[in-house]
$ cat target-v1.txt   # compact mmCIF, C-alpha atoms
# COMPACT_ATOMS: atom_id res chain seq x y z
CA MET A 16 104.37 133.32 -75.27
CA ASN A 17 106.62 135.45 -73.10
CA PHE A 18 105.00 137.83 -70.64
CA GLY A 19 108.37 138.75 -69.15
CA LEU A 20 108.99 139.30 -65.47
CA ASN A 21 105.42 139.63 -64.26
CA LEU A 22 103.50 136.62 -65.52
CA ASP A 23 101.45 136.03 -62.37
CA ALA A 24 100.66 139.73 -61.94
CA ALA A 25 99.71 140.07 -65.61
CA PHE A 26 97.28 137.16 -65.48
CA ALA A 27 95.79 138.32 -62.18
CA ALA A 28 95.35 141.77 -63.74
CA LEU A 29 93.69 140.32 -66.84
CA ALA A 30 91.29 138.15 -64.82
CA ASP A 31 89.03 141.15 -64.15
CA PRO A 32 86.56 142.23 -66.88
CA THR A 33 86.79 145.95 -65.98
CA ARG A 34 90.57 145.83 -66.33
CA ARG A 35 90.27 144.04 -69.66
CA ALA A 36 87.84 146.75 -70.81
CA ILE A 37 90.27 149.46 -69.63
CA LEU A 38 93.01 147.83 -71.71
CA ALA A 39 90.64 147.67 -74.69
CA ARG A 40 89.91 151.37 -74.25
CA LEU A 41 93.61 152.23 -74.05
CA ALA A 42 94.22 150.21 -77.21
CA SER A 43 92.57 153.06 -79.12
CA GLY A 44 94.76 155.73 -77.53
CA GLU A 45 95.93 157.18 -74.22
CA ALA A 46 93.37 158.42 -71.69
CA THR A 47 93.19 160.11 -68.31
CA VAL A 48 91.62 158.59 -65.20
CA MET A 49 88.58 160.82 -65.69
CA GLU A 50 88.12 159.66 -69.29
CA LEU A 51 88.50 156.04 -68.22
CA ALA A 52 86.06 156.34 -65.31
CA GLU A 53 83.23 157.73 -67.44
CA PRO A 54 82.06 154.70 -69.48
CA PHE A 55 82.26 152.31 -66.52
CA GLU A 56 80.13 154.38 -64.17
CA MET A 57 82.80 153.88 -61.53
CA THR A 58 84.34 156.39 -59.18
CA GLN A 59 87.79 157.74 -60.01
CA PRO A 60 89.35 156.08 -56.92
CA ALA A 61 87.95 152.70 -58.04
CA ILE A 62 89.40 153.18 -61.51
CA SER A 63 92.71 154.35 -60.00
CA GLN A 64 92.86 151.10 -58.05
CA HIS A 65 92.43 149.08 -61.28
CA LEU A 66 95.06 151.24 -62.99
CA LYS A 67 97.50 150.55 -60.16
CA VAL A 68 97.05 146.79 -60.67
CA LEU A 69 97.53 147.12 -64.45
CA GLU A 70 100.60 149.32 -63.96
CA GLY A 71 102.07 146.91 -61.41
CA ALA A 72 101.68 144.11 -63.93
CA GLY A 73 103.55 146.12 -66.56
CA LEU A 74 100.52 146.28 -68.86
CA ILE A 75 100.15 150.08 -68.87
CA GLN A 76 102.35 153.11 -68.29
CA SER A 77 101.67 156.72 -67.42
CA ARG A 78 103.39 159.93 -68.39
CA ILE A 79 103.28 163.37 -66.81
CA ASP A 80 101.64 166.14 -68.82
CA GLY A 81 101.26 169.21 -66.59
CA THR A 82 98.71 168.19 -63.98
CA ARG A 83 97.46 165.24 -66.06
CA ARG A 84 98.86 161.73 -65.96
CA PRO A 85 97.49 160.06 -69.07
CA ARG A 86 97.82 156.28 -69.25
CA ARG A 87 98.70 154.25 -72.31
CA LEU A 88 99.36 150.60 -73.11
CA ALA A 89 102.84 149.30 -72.38
CA LYS A 90 104.48 146.73 -74.67
CA ALA A 91 103.12 143.87 -72.55
CA GLY A 92 99.64 145.43 -72.73
CA ILE A 93 99.83 145.65 -76.52
CA ASP A 94 100.94 142.03 -76.67
CA ALA A 95 98.02 141.06 -74.41
CA MET A 96 95.53 142.90 -76.66
CA ASP A 97 96.99 141.17 -79.74
CA GLU A 98 96.65 137.88 -77.92
CA TRP A 99 92.96 138.61 -77.18
CA LEU A 100 92.20 139.50 -80.79
CA ALA A 101 93.97 136.32 -81.88
CA MET A 102 91.82 134.29 -79.46
CA LEU A 103 88.60 135.92 -80.65
CA ARG A 104 89.65 135.16 -84.20
CA LYS A 105 90.36 131.58 -83.14
CA ALA A 106 86.90 131.17 -81.56
CA LEU A 107 85.24 132.52 -84.73
CA GLU A 108 87.48 130.38 -86.90
CA ALA A 109 86.43 127.28 -84.90
CA ASN A 110 82.79 128.13 -85.68
CA TYR A 111 83.45 128.59 -89.38
CA ASP A 112 85.58 125.43 -89.58
CA ARG A 113 82.52 123.55 -88.28
CA LEU A 114 80.40 125.34 -90.88
CA ASP A 115 82.85 124.28 -93.63
CA GLN A 116 82.21 120.65 -92.68
CA ILE A 117 78.43 121.13 -92.78
CA LEU A 118 78.62 122.93 -96.13
CA ALA A 119 80.83 120.16 -97.53
CA ASN A 120 78.05 117.70 -96.68
CA MET A 121 75.40 119.91 -98.32
CA GLU A 122 77.47 120.37 -101.46
CA PRO A 123 77.14 116.97 -103.29
CA LYS A 124 73.49 117.76 -104.13
CA ARG A 125 74.53 121.09 -105.62
CA LYS A 126 77.42 119.60 -107.59
CA ARG A 127 75.10 117.16 -109.33
CA ARG A 128 72.85 120.07 -110.26
CA GLY A 129 75.85 122.10 -111.41
CA GLU A 130 77.05 119.37 -113.80
CA ARG A 131 73.93 119.71 -115.89
CA ARG A 132 74.60 123.38 -116.59
CA MET B 16 97.36 131.67 -93.16
CA SER B 17 93.96 132.15 -91.61
CA LYS B 18 91.00 132.48 -93.96
CA LEU B 19 89.32 134.80 -91.49
CA THR B 20 90.02 138.47 -90.98
CA LEU B 21 88.75 140.50 -88.05
CA THR B 22 89.34 144.24 -88.22
CA THR B 23 87.97 147.39 -86.69
CA GLU B 24 86.89 150.33 -88.83
CA GLY B 25 86.35 153.87 -87.58
CA ASP B 26 85.15 154.14 -83.99
CA THR B 27 82.12 151.87 -84.06
CA HIS B 28 82.54 149.08 -86.62
CA VAL B 29 83.94 145.58 -86.52
CA ILE B 30 84.38 143.80 -89.85
CA VAL B 31 84.71 140.03 -90.16
CA LYS B 32 85.45 138.46 -93.55
CA ARG B 33 85.61 134.77 -94.33
CA HIS B 34 85.80 132.79 -97.56
CA PHE B 35 83.81 129.57 -98.00
CA THR B 36 84.16 126.96 -100.73
CA ALA B 37 80.35 126.58 -100.90
CA SER B 38 77.85 128.63 -102.91
CA PRO B 39 76.30 131.87 -101.56
CA GLU B 40 72.96 130.03 -101.37
CA ALA B 41 74.37 127.31 -99.10
CA VAL B 42 76.26 129.77 -96.86
CA TYR B 43 73.19 132.02 -96.61
CA ARG B 44 70.97 129.06 -95.63
CA ALA B 45 73.51 127.94 -93.02
CA HIS B 46 73.10 131.35 -91.35
CA ILE B 47 69.30 131.28 -91.03
CA ASP B 48 68.24 127.62 -90.80
CA PRO B 49 68.11 126.97 -87.03
CA LYS B 50 68.91 123.27 -87.47
CA ILE B 51 72.16 124.24 -89.19
CA VAL B 52 73.02 127.28 -87.01
CA GLN B 53 72.73 125.07 -83.93
CA GLN B 54 75.51 122.84 -85.27
CA TRP B 55 78.23 125.44 -85.80
CA MET B 56 77.65 128.71 -83.94
CA LEU B 57 79.06 127.36 -80.71
CA GLY B 58 82.18 129.28 -79.69
CA PRO B 59 84.69 127.56 -77.43
CA GLU B 60 85.10 123.79 -77.25
CA GLY B 61 82.49 122.07 -75.05
CA TRP B 62 79.65 124.57 -75.56
CA THR B 63 76.31 123.67 -77.15
CA MET B 64 73.24 125.64 -78.28
CA PRO B 65 70.21 123.90 -76.74
CA VAL B 66 67.81 126.65 -77.88
CA CYS B 67 67.96 128.11 -81.39
CA ILE B 68 64.99 130.20 -82.51
CA ASN B 69 65.44 131.89 -85.84
CA ASP B 70 62.32 133.32 -87.47
CA ALA B 71 63.88 134.43 -90.74
CA ARG B 72 61.56 137.19 -91.96
CA PRO B 73 61.66 140.97 -91.43
CA GLY B 74 60.66 141.60 -87.81
CA GLY B 75 61.22 137.91 -86.97
CA GLN B 76 62.77 137.03 -83.62
CA ILE B 77 66.19 135.52 -82.92
CA ARG B 78 67.04 133.73 -79.70
CA TYR B 79 70.17 131.64 -79.19
CA GLU B 80 70.94 130.02 -75.83
CA TRP B 81 74.34 128.55 -75.12
CA SER B 82 75.34 126.14 -72.37
CA ASN B 83 78.63 124.59 -71.31
CA GLY B 84 76.82 121.60 -69.77
CA LYS B 85 78.12 122.56 -66.31
CA GLY B 86 75.37 124.99 -65.35
CA GLN B 87 76.90 128.01 -67.06
CA GLY B 88 75.23 129.70 -69.97
CA PHE B 89 74.15 132.92 -71.62
CA TYR B 90 71.80 133.94 -74.40
CA LEU B 91 71.40 136.33 -77.27
CA THR B 92 68.21 137.91 -78.60
CA GLY B 93 67.64 139.89 -81.75
CA GLU B 94 65.36 140.75 -84.65
CA PHE B 95 65.73 140.42 -88.40
CA LEU B 96 65.42 143.69 -90.30
CA GLU B 97 66.04 142.66 -93.91
CA LEU B 98 66.56 139.38 -95.74
CA HIS B 99 67.64 139.26 -99.38
CA PRO B 100 68.09 135.61 -100.42
CA TYR B 101 70.97 134.65 -100.92
CA SER B 102 73.01 137.83 -100.71
CA ARG B 103 72.26 139.91 -97.61
CA ILE B 104 70.93 139.65 -94.05
CA VAL B 105 70.48 142.64 -91.73
CA HIS B 106 69.64 142.08 -88.07
CA VAL B 107 70.18 143.54 -84.62
CA GLU B 108 71.34 141.48 -81.66
CA ARG B 109 72.28 141.84 -78.01
CA MET B 110 73.92 139.52 -75.52
CA HIS B 111 72.35 138.89 -72.11
CA LEU B 112 75.14 138.40 -69.59
CA PRO B 113 72.55 138.54 -67.94
CA ASP B 114 72.10 142.32 -68.42
CA PRO B 115 71.52 143.13 -72.09
CA THR B 116 74.42 144.71 -73.97
CA PRO B 117 73.64 147.69 -76.28
CA ASP B 118 72.30 146.66 -79.69
CA ASN B 119 74.77 145.42 -82.25
CA HIS B 120 73.55 146.15 -85.80
CA VAL B 121 74.87 143.46 -88.12
CA GLU B 122 74.86 143.43 -91.91
CA THR B 123 76.00 140.14 -93.42
CA THR B 124 76.61 139.87 -97.15
CA PHE B 125 77.35 136.79 -99.27
CA GLU B 126 79.09 137.42 -102.58
CA PRO B 127 80.16 134.90 -105.23
CA ASN B 128 83.94 134.72 -105.07
CA GLY B 129 85.80 132.40 -107.41
CA SER B 130 84.14 129.02 -106.99
CA GLY B 131 82.91 129.95 -103.49
CA THR B 132 81.55 132.75 -101.36
CA LEU B 133 82.99 135.75 -99.58
CA MET B 134 81.03 136.46 -96.41
CA THR B 135 81.40 139.94 -94.92
CA MET B 136 79.90 140.72 -91.54
CA ARG B 137 79.80 144.42 -90.72
CA MET B 138 78.88 145.12 -87.12
CA THR B 139 77.94 148.62 -85.98
CA LEU B 140 77.94 149.42 -82.27
CA PRO B 141 76.31 152.55 -80.83
CA ASP B 142 79.66 154.08 -79.80
CA ALA B 143 83.39 153.40 -79.46
CA LYS B 144 83.13 152.38 -75.80
CA THR B 145 80.48 149.76 -76.50
CA ARG B 146 82.62 148.32 -79.26
CA GLU B 147 85.60 148.05 -76.95
CA MET B 148 83.48 146.41 -74.25
CA MET B 149 82.15 143.95 -76.83
CA LEU B 150 85.62 143.03 -78.01
CA ALA B 151 86.77 142.65 -74.40
CA THR B 152 83.86 140.44 -73.31
CA GLY B 153 83.80 138.53 -76.59
CA MET B 154 87.24 137.31 -75.75
CA GLU B 155 86.34 135.88 -72.38
CA GLY B 156 85.70 132.38 -73.69
CA GLY B 157 89.11 132.32 -75.29
CA MET B 158 90.70 133.85 -72.20
CA GLU B 159 89.23 131.15 -70.00
CA ALA B 160 90.51 128.42 -72.29
CA SER B 161 93.95 129.99 -72.15
CA TYR B 162 93.88 130.11 -68.36
CA VAL B 163 93.15 126.38 -68.35
CA ARG B 164 96.05 125.80 -70.71
CA LEU B 165 98.28 128.02 -68.60
CA GLU B 166 97.40 126.09 -65.44
CA GLY B 167 98.62 122.99 -67.20
CA LEU B 168 101.94 124.66 -68.01
CA LEU B 169 102.75 126.17 -64.61

$ encode --input "target-v1.txt" --output "structure tokens"
Amino acid sequence: MNFGLNLDAAFAALADPTRRAILARLASGEATVMELAEPFEMTQPAISQHLKVLEGAGLIQSRIDGTRRPRRLAKAGIDAMDEWLAMLRKALEANYDRLDQILANMEPKRKRRGERR
Amino acid sequence: MSKLTLTTEGDTHVIVKRHFTASPEAVYRAHIDPKIVQQWMLGPEGWTMPVCINDARPGGQIRYEWSNGKGQGFYLTGEFLELHPYSRIVHVERMHLPDPTPDNHVETTFEPNGSGTLMTMRMTLPDAKTREMMLATGMEGGMEASYVRLEGLL
């Protein structure tokens, strides 16, 4: 896994649940500070502070559009989101691997029944 | 290749699909029998489910409590809406972290597939933002594990 130049900053940025949620929001498209502030019931300055941390870590970027400065995920941010989804998948997969074992132990009874068919 | 797929659909859905080599009846039972649920629905390594209440009838209550054995834990409550043995379960659930998250409406189907079963879990969240929050918090267990691994590497 290569997070590039800003490994420490990226992990510090990702350690905060609000910042992770901001990244998750940006994964579905770019958004302005006002749009980002709304679901979190946070003030715009508080959100701006989180955005500064994410930007410093290279996880998001902004562009200028008239008076708006919409933010979007940077390459490192996209990689981080992919990594999260992979980890969620892994946690679910661990559950279902355990279930496979349990089902395998339930199955002999069924097989005997099945043979009579 | 992983047997599990996790995808988003539209603004408010999350779809999980998984194939099992057991029959739909066995997979269905493993989702509602508390003695079985308690053995596998555990999440990250080291977590257990000391409380597993699963009253599998329409209107019946669900309560799962997880613990990491080090004083940390959280719980989930929910209600069954529909049960069609051995093909379909509909329920709602919410996590308590400790504040309750908005209701997640979950439809789980079990279809014969080859010699096994295809399970499809279709989650519906009230809005896009709730779904994103759920995906973000749902990953925290995995994130923590990765931090521990990272500490070992640095």

$ interface_residues --input "target-v1.txt" --of "chain A" --to "chain B" --cutoff "9 Å" --atoms "only C-alpha atoms" --output "PyMOL selection string"
chain A and resi 26+29-30+32-33+35-40+42-43+54+99-100+102-115+117-119+121-122+125

$ atom_distance --input "target-v1.txt" --atom1 "atom CA of B:Pro141" --atom2 "atom CA of B:Ile47"
24.6 Å

$ residues_near_point --input "target-v1.txt" --point "(65.7, 128.1, -82.9)" --cutoff "10 Å" --atoms "only C-alpha atoms" --output "PyMOL selection string"
chain B and resi 47-53+64-70+76-80

$ atom_distance --input "target-v1.txt" --atom1 "atom CA of A:Leu69" --atom2 "atom CA of A:Val48"
12.9 Å

$ residues_around --input "target-v1.txt" --residues "stretch 99-102 of chain B" --least-positions-apart "2" --cutoff "7 Å" --atoms "only C-alpha atoms" --output "list in words"
Pro39, Glu40, Tyr43, Glu97, Ile104, Thr124, Phe125 and Glu126 of chain B

$ atom_distance --input "target-v1.txt" --atom1 "atom CA of B:Val29" --atom2 "atom CA of B:Met138"
5.1 Å

$ closest_residue --input "target-v1.txt" --among "A:Gln116, A:Lys67, A:Arg83, A:Ala72" --to "A:Met49" --atoms "all atoms listed in the file"
A:Arg83

$ residues_around --input "target-v1.txt" --residues "A:Thr47" --least-positions-apart "2" --cutoff "8 Å" --atoms "all atoms listed in the file" --output "VMD selection string"
chain A and resid 45 49 to 51 83 to 86

$ decode --input "target-v1.txt" --residues "stretch 62-112 of chain A" --atoms "N, CA and C atoms" --output "mmCIF file, in the first residue's frame"
data_model
loop_
_atom_site.group_PDB
_atom_site.id
_atom_site.type_symbol
_atom_site.label_atom_id
_atom_site.label_comp_id
_atom_site.auth_asym_id
_atom_site.auth_seq_id
_atom_site.Cartn_x
_atom_site.Cartn_y
_atom_site.Cartn_z
ATOM 1 N N ILE A 62 -16.347 22.735 9.450
ATOM 2 C CA ILE A 62 -16.152 21.875 8.283
ATOM 3 C C ILE A 62 -14.911 22.316 7.508
ATOM 4 N N SER A 63 -14.740 23.648 7.366
ATOM 5 C CA SER A 63 -13.561 24.154 6.644
ATOM 6 C C SER A 63 -12.270 23.666 7.279
ATOM 7 N N GLN A 64 -12.279 23.611 8.615
ATOM 8 C CA GLN A 64 -11.092 23.129 9.332
ATOM 9 C C GLN A 64 -10.797 21.673 8.950
ATOM 10 N N HIS A 65 -11.863 20.832 8.939
ATOM 11 C CA HIS A 65 -11.685 19.426 8.537
ATOM 12 C C HIS A 65 -11.192 19.329 7.095
ATOM 13 N N LEU A 66 -11.745 20.199 6.230
ATOM 14 C CA LEU A 66 -11.346 20.168 4.818
ATOM 15 C C LEU A 66 -9.874 20.523 4.658
ATOM 16 N N LYS A 67 -9.420 21.471 5.493
ATOM 17 C CA LYS A 67 -8.011 21.883 5.429
ATOM 18 C C LYS A 67 -7.095 20.703 5.763
ATOM 19 N N VAL A 68 -7.506 19.926 6.791
ATOM 20 C CA VAL A 68 -6.714 18.754 7.188
ATOM 21 C C VAL A 68 -6.688 17.723 6.050
ATOM 22 N N LEU A 69 -7.877 17.483 5.451
ATOM 23 C CA LEU A 69 -7.959 16.496 4.365
ATOM 24 C C LEU A 69 -7.148 16.941 3.154
ATOM 25 N N GLU A 70 -7.193 18.257 2.878
ATOM 26 C CA GLU A 70 -6.457 18.800 1.732
ATOM 27 C C GLU A 70 -4.953 18.705 1.982
ATOM 28 N N GLY A 71 -4.565 19.029 3.221
ATOM 29 C CA GLY A 71 -3.143 18.956 3.585
ATOM 30 C C GLY A 71 -2.586 17.545 3.460
ATOM 31 N N ALA A 72 -3.462 16.570 3.668
ATOM 32 C CA ALA A 72 -3.044 15.170 3.590
ATOM 33 C C ALA A 72 -3.087 14.643 2.154
ATOM 34 N N GLY A 73 -3.534 15.496 1.235
ATOM 35 C CA GLY A 73 -3.581 15.086 -0.174
ATOM 36 C C GLY A 73 -4.763 14.189 -0.501
ATOM 37 N N LEU A 74 -5.777 14.161 0.397
ATOM 38 C CA LEU A 74 -6.919 13.270 0.166
ATOM 39 C C LEU A 74 -8.011 13.931 -0.677
ATOM 40 N N ILE A 75 -8.084 15.269 -0.625
ATOM 41 C CA ILE A 75 -9.076 15.974 -1.442
ATOM 42 C C ILE A 75 -8.425 17.149 -2.167
ATOM 43 N N GLN A 76 -9.083 17.641 -3.174
ATOM 44 C CA GLN A 76 -8.630 18.842 -3.879
ATOM 45 C C GLN A 76 -9.814 19.768 -4.114
ATOM 46 N N SER A 77 -9.522 21.036 -4.357
ATOM 47 C CA SER A 77 -10.601 21.968 -4.652
ATOM 48 C C SER A 77 -10.338 22.570 -6.016
ATOM 49 N N ARG A 78 -11.401 23.086 -6.623
ATOM 50 C CA ARG A 78 -11.212 23.859 -7.849
ATOM 51 C C ARG A 78 -12.031 25.138 -7.715
ATOM 52 N N ILE A 79 -11.693 26.127 -8.530
ATOM 53 C CA ILE A 79 -12.388 27.405 -8.440
ATOM 54 C C ILE A 79 -13.451 27.465 -9.526
ATOM 55 N N ASP A 80 -14.681 27.786 -9.093
ATOM 56 C CA ASP A 80 -15.806 27.856 -10.024
ATOM 57 C C ASP A 80 -16.574 29.130 -9.671
ATOM 58 N N GLY A 81 -16.158 30.262 -10.253
ATOM 59 C CA GLY A 81 -16.750 31.547 -9.871
ATOM 60 C C GLY A 81 -16.420 31.833 -8.419
ATOM 61 N N THR A 82 -17.466 32.005 -7.596
ATOM 62 C CA THR A 82 -17.235 32.253 -6.173
ATOM 63 C C THR A 82 -17.217 30.957 -5.371
ATOM 64 N N ARG A 83 -17.532 29.838 -6.010
ATOM 65 C CA ARG A 83 -17.558 28.554 -5.298
ATOM 66 C C ARG A 83 -16.206 27.869 -5.394
ATOM 67 N N ARG A 84 -15.911 27.066 -4.353
ATOM 68 C CA ARG A 84 -14.694 26.251 -4.413
ATOM 69 C C ARG A 84 -15.059 24.804 -4.093
ATOM 70 N N PRO A 85 -15.734 24.133 -5.022
ATOM 71 C CA PRO A 85 -16.142 22.758 -4.725
ATOM 72 C C PRO A 85 -14.942 21.831 -4.476
ATOM 73 N N ARG A 86 -15.134 20.907 -3.541
ATOM 74 C CA ARG A 86 -14.089 19.936 -3.220
ATOM 75 C C ARG A 86 -14.414 18.603 -3.887
ATOM 76 N N ARG A 87 -13.371 17.876 -4.236
ATOM 77 C CA ARG A 87 -13.589 16.501 -4.703
ATOM 78 C C ARG A 87 -12.454 15.619 -4.198
ATOM 79 N N LEU A 88 -12.626 14.314 -4.320
ATOM 80 C CA LEU A 88 -11.591 13.388 -3.865
ATOM 81 C C LEU A 88 -10.365 13.496 -4.757
ATOM 82 N N ALA A 89 -9.184 13.488 -4.155
ATOM 83 C CA ALA A 89 -7.950 13.372 -4.919
ATOM 84 C C ALA A 89 -7.640 11.881 -5.085
ATOM 85 N N LYS A 90 -6.645 11.566 -5.882
ATOM 86 C CA LYS A 90 -6.288 10.161 -6.126
ATOM 87 C C LYS A 90 -6.089 9.409 -4.812
ATOM 88 N N ALA A 91 -5.365 10.016 -3.863
ATOM 89 C CA ALA A 91 -5.123 9.344 -2.584
ATOM 90 C C ALA A 91 -6.428 9.122 -1.827
ATOM 91 N N GLY A 92 -7.377 10.064 -1.967
ATOM 92 C CA GLY A 92 -8.674 9.924 -1.318
ATOM 93 C C GLY A 92 -9.471 8.777 -1.913
ATOM 94 N N ILE A 93 -9.407 8.653 -3.242
ATOM 95 C CA ILE A 93 -10.095 7.551 -3.919
ATOM 96 C C ILE A 93 -9.508 6.217 -3.472
ATOM 97 N N ASP A 94 -8.169 6.182 -3.406
ATOM 98 C CA ASP A 94 -7.511 4.950 -2.951
ATOM 99 C C ASP A 94 -7.936 4.613 -1.526
ATOM 100 N N ALA A 95 -8.048 5.658 -0.672
ATOM 101 C CA ALA A 95 -8.437 5.422 0.723
ATOM 102 C C ALA A 95 -9.857 4.869 0.798
ATOM 103 N N MET A 96 -10.773 5.416 -0.033
ATOM 104 C CA MET A 96 -12.152 4.921 -0.044
ATOM 105 C C MET A 96 -12.197 3.466 -0.513
ATOM 106 N N ASP A 97 -11.410 3.148 -1.559
ATOM 107 C CA ASP A 97 -11.351 1.769 -2.043
ATOM 108 C C ASP A 97 -10.864 0.836 -0.937
ATOM 109 N N GLU A 98 -9.867 1.346 -0.206
ATOM 110 C CA GLU A 98 -9.296 0.568 0.887
ATOM 111 C C GLU A 98 -10.366 0.286 1.959
ATOM 112 N N TRP A 99 -11.169 1.311 2.274
ATOM 113 C CA TRP A 99 -12.248 1.140 3.256
ATOM 114 C C TRP A 99 -13.243 0.090 2.814
ATOM 115 N N LEU A 100 -13.701 0.216 1.544
ATOM 116 C CA LEU A 100 -14.673 -0.750 1.033
ATOM 117 C C LEU A 100 -14.089 -2.152 1.074
ATOM 118 N N ALA A 101 -12.793 -2.267 0.754
ATOM 119 C CA ALA A 101 -12.140 -3.574 0.789
ATOM 120 C C ALA A 101 -12.134 -4.110 2.216
ATOM 121 N N MET A 102 -11.929 -3.217 3.205
ATOM 122 C CA MET A 102 -11.891 -3.681 4.592
ATOM 123 C C MET A 102 -13.273 -4.073 5.096
ATOM 124 N N LEU A 103 -14.303 -3.335 4.656
ATOM 125 C CA LEU A 103 -15.665 -3.697 5.043
ATOM 126 C C LEU A 103 -16.016 -5.057 4.455
ATOM 127 N N ARG A 104 -15.640 -5.238 3.195
ATOM 128 C CA ARG A 104 -15.837 -6.525 2.535
ATOM 129 C C ARG A 104 -15.138 -7.633 3.317
ATOM 130 N N LYS A 105 -13.918 -7.319 3.774
ATOM 131 C CA LYS A 105 -13.117 -8.320 4.482
ATOM 132 C C LYS A 105 -13.784 -8.710 5.804
ATOM 133 N N ALA A 106 -14.335 -7.692 6.522
ATOM 134 C CA ALA A 106 -15.004 -7.975 7.798
ATOM 135 C C ALA A 106 -16.229 -8.849 7.562
ATOM 136 N N LEU A 107 -17.013 -8.534 6.506
ATOM 137 C CA LEU A 107 -18.191 -9.346 6.172
ATOM 138 C C LEU A 107 -17.760 -10.742 5.755
ATOM 139 N N GLU A 108 -16.687 -10.800 4.956
ATOM 140 C CA GLU A 108 -16.217 -12.087 4.466
ATOM 141 C C GLU A 108 -15.772 -12.966 5.634
ATOM 142 N N ALA A 109 -15.157 -12.350 6.663
ATOM 143 C CA ALA A 109 -14.741 -13.115 7.852
ATOM 144 C C ALA A 109 -15.965 -13.729 8.523
ATOM 145 N N ASN A 110 -17.059 -12.954 8.620
ATOM 146 C CA ASN A 110 -18.303 -13.477 9.192
ATOM 147 C C ASN A 110 -18.805 -14.675 8.386
ATOM 148 N N TYR A 111 -18.855 -14.515 7.065
ATOM 149 C CA TYR A 111 -19.439 -15.565 6.236
ATOM 150 C C TYR A 111 -18.525 -16.784 6.140
ATOM 151 N N ASP A 112 -17.208 -16.575 6.288
ATOM 152 C CA ASP A 112 -16.304 -17.736 6.329
ATOM 153 C C ASP A 112 -16.602 -18.572 7.575
#
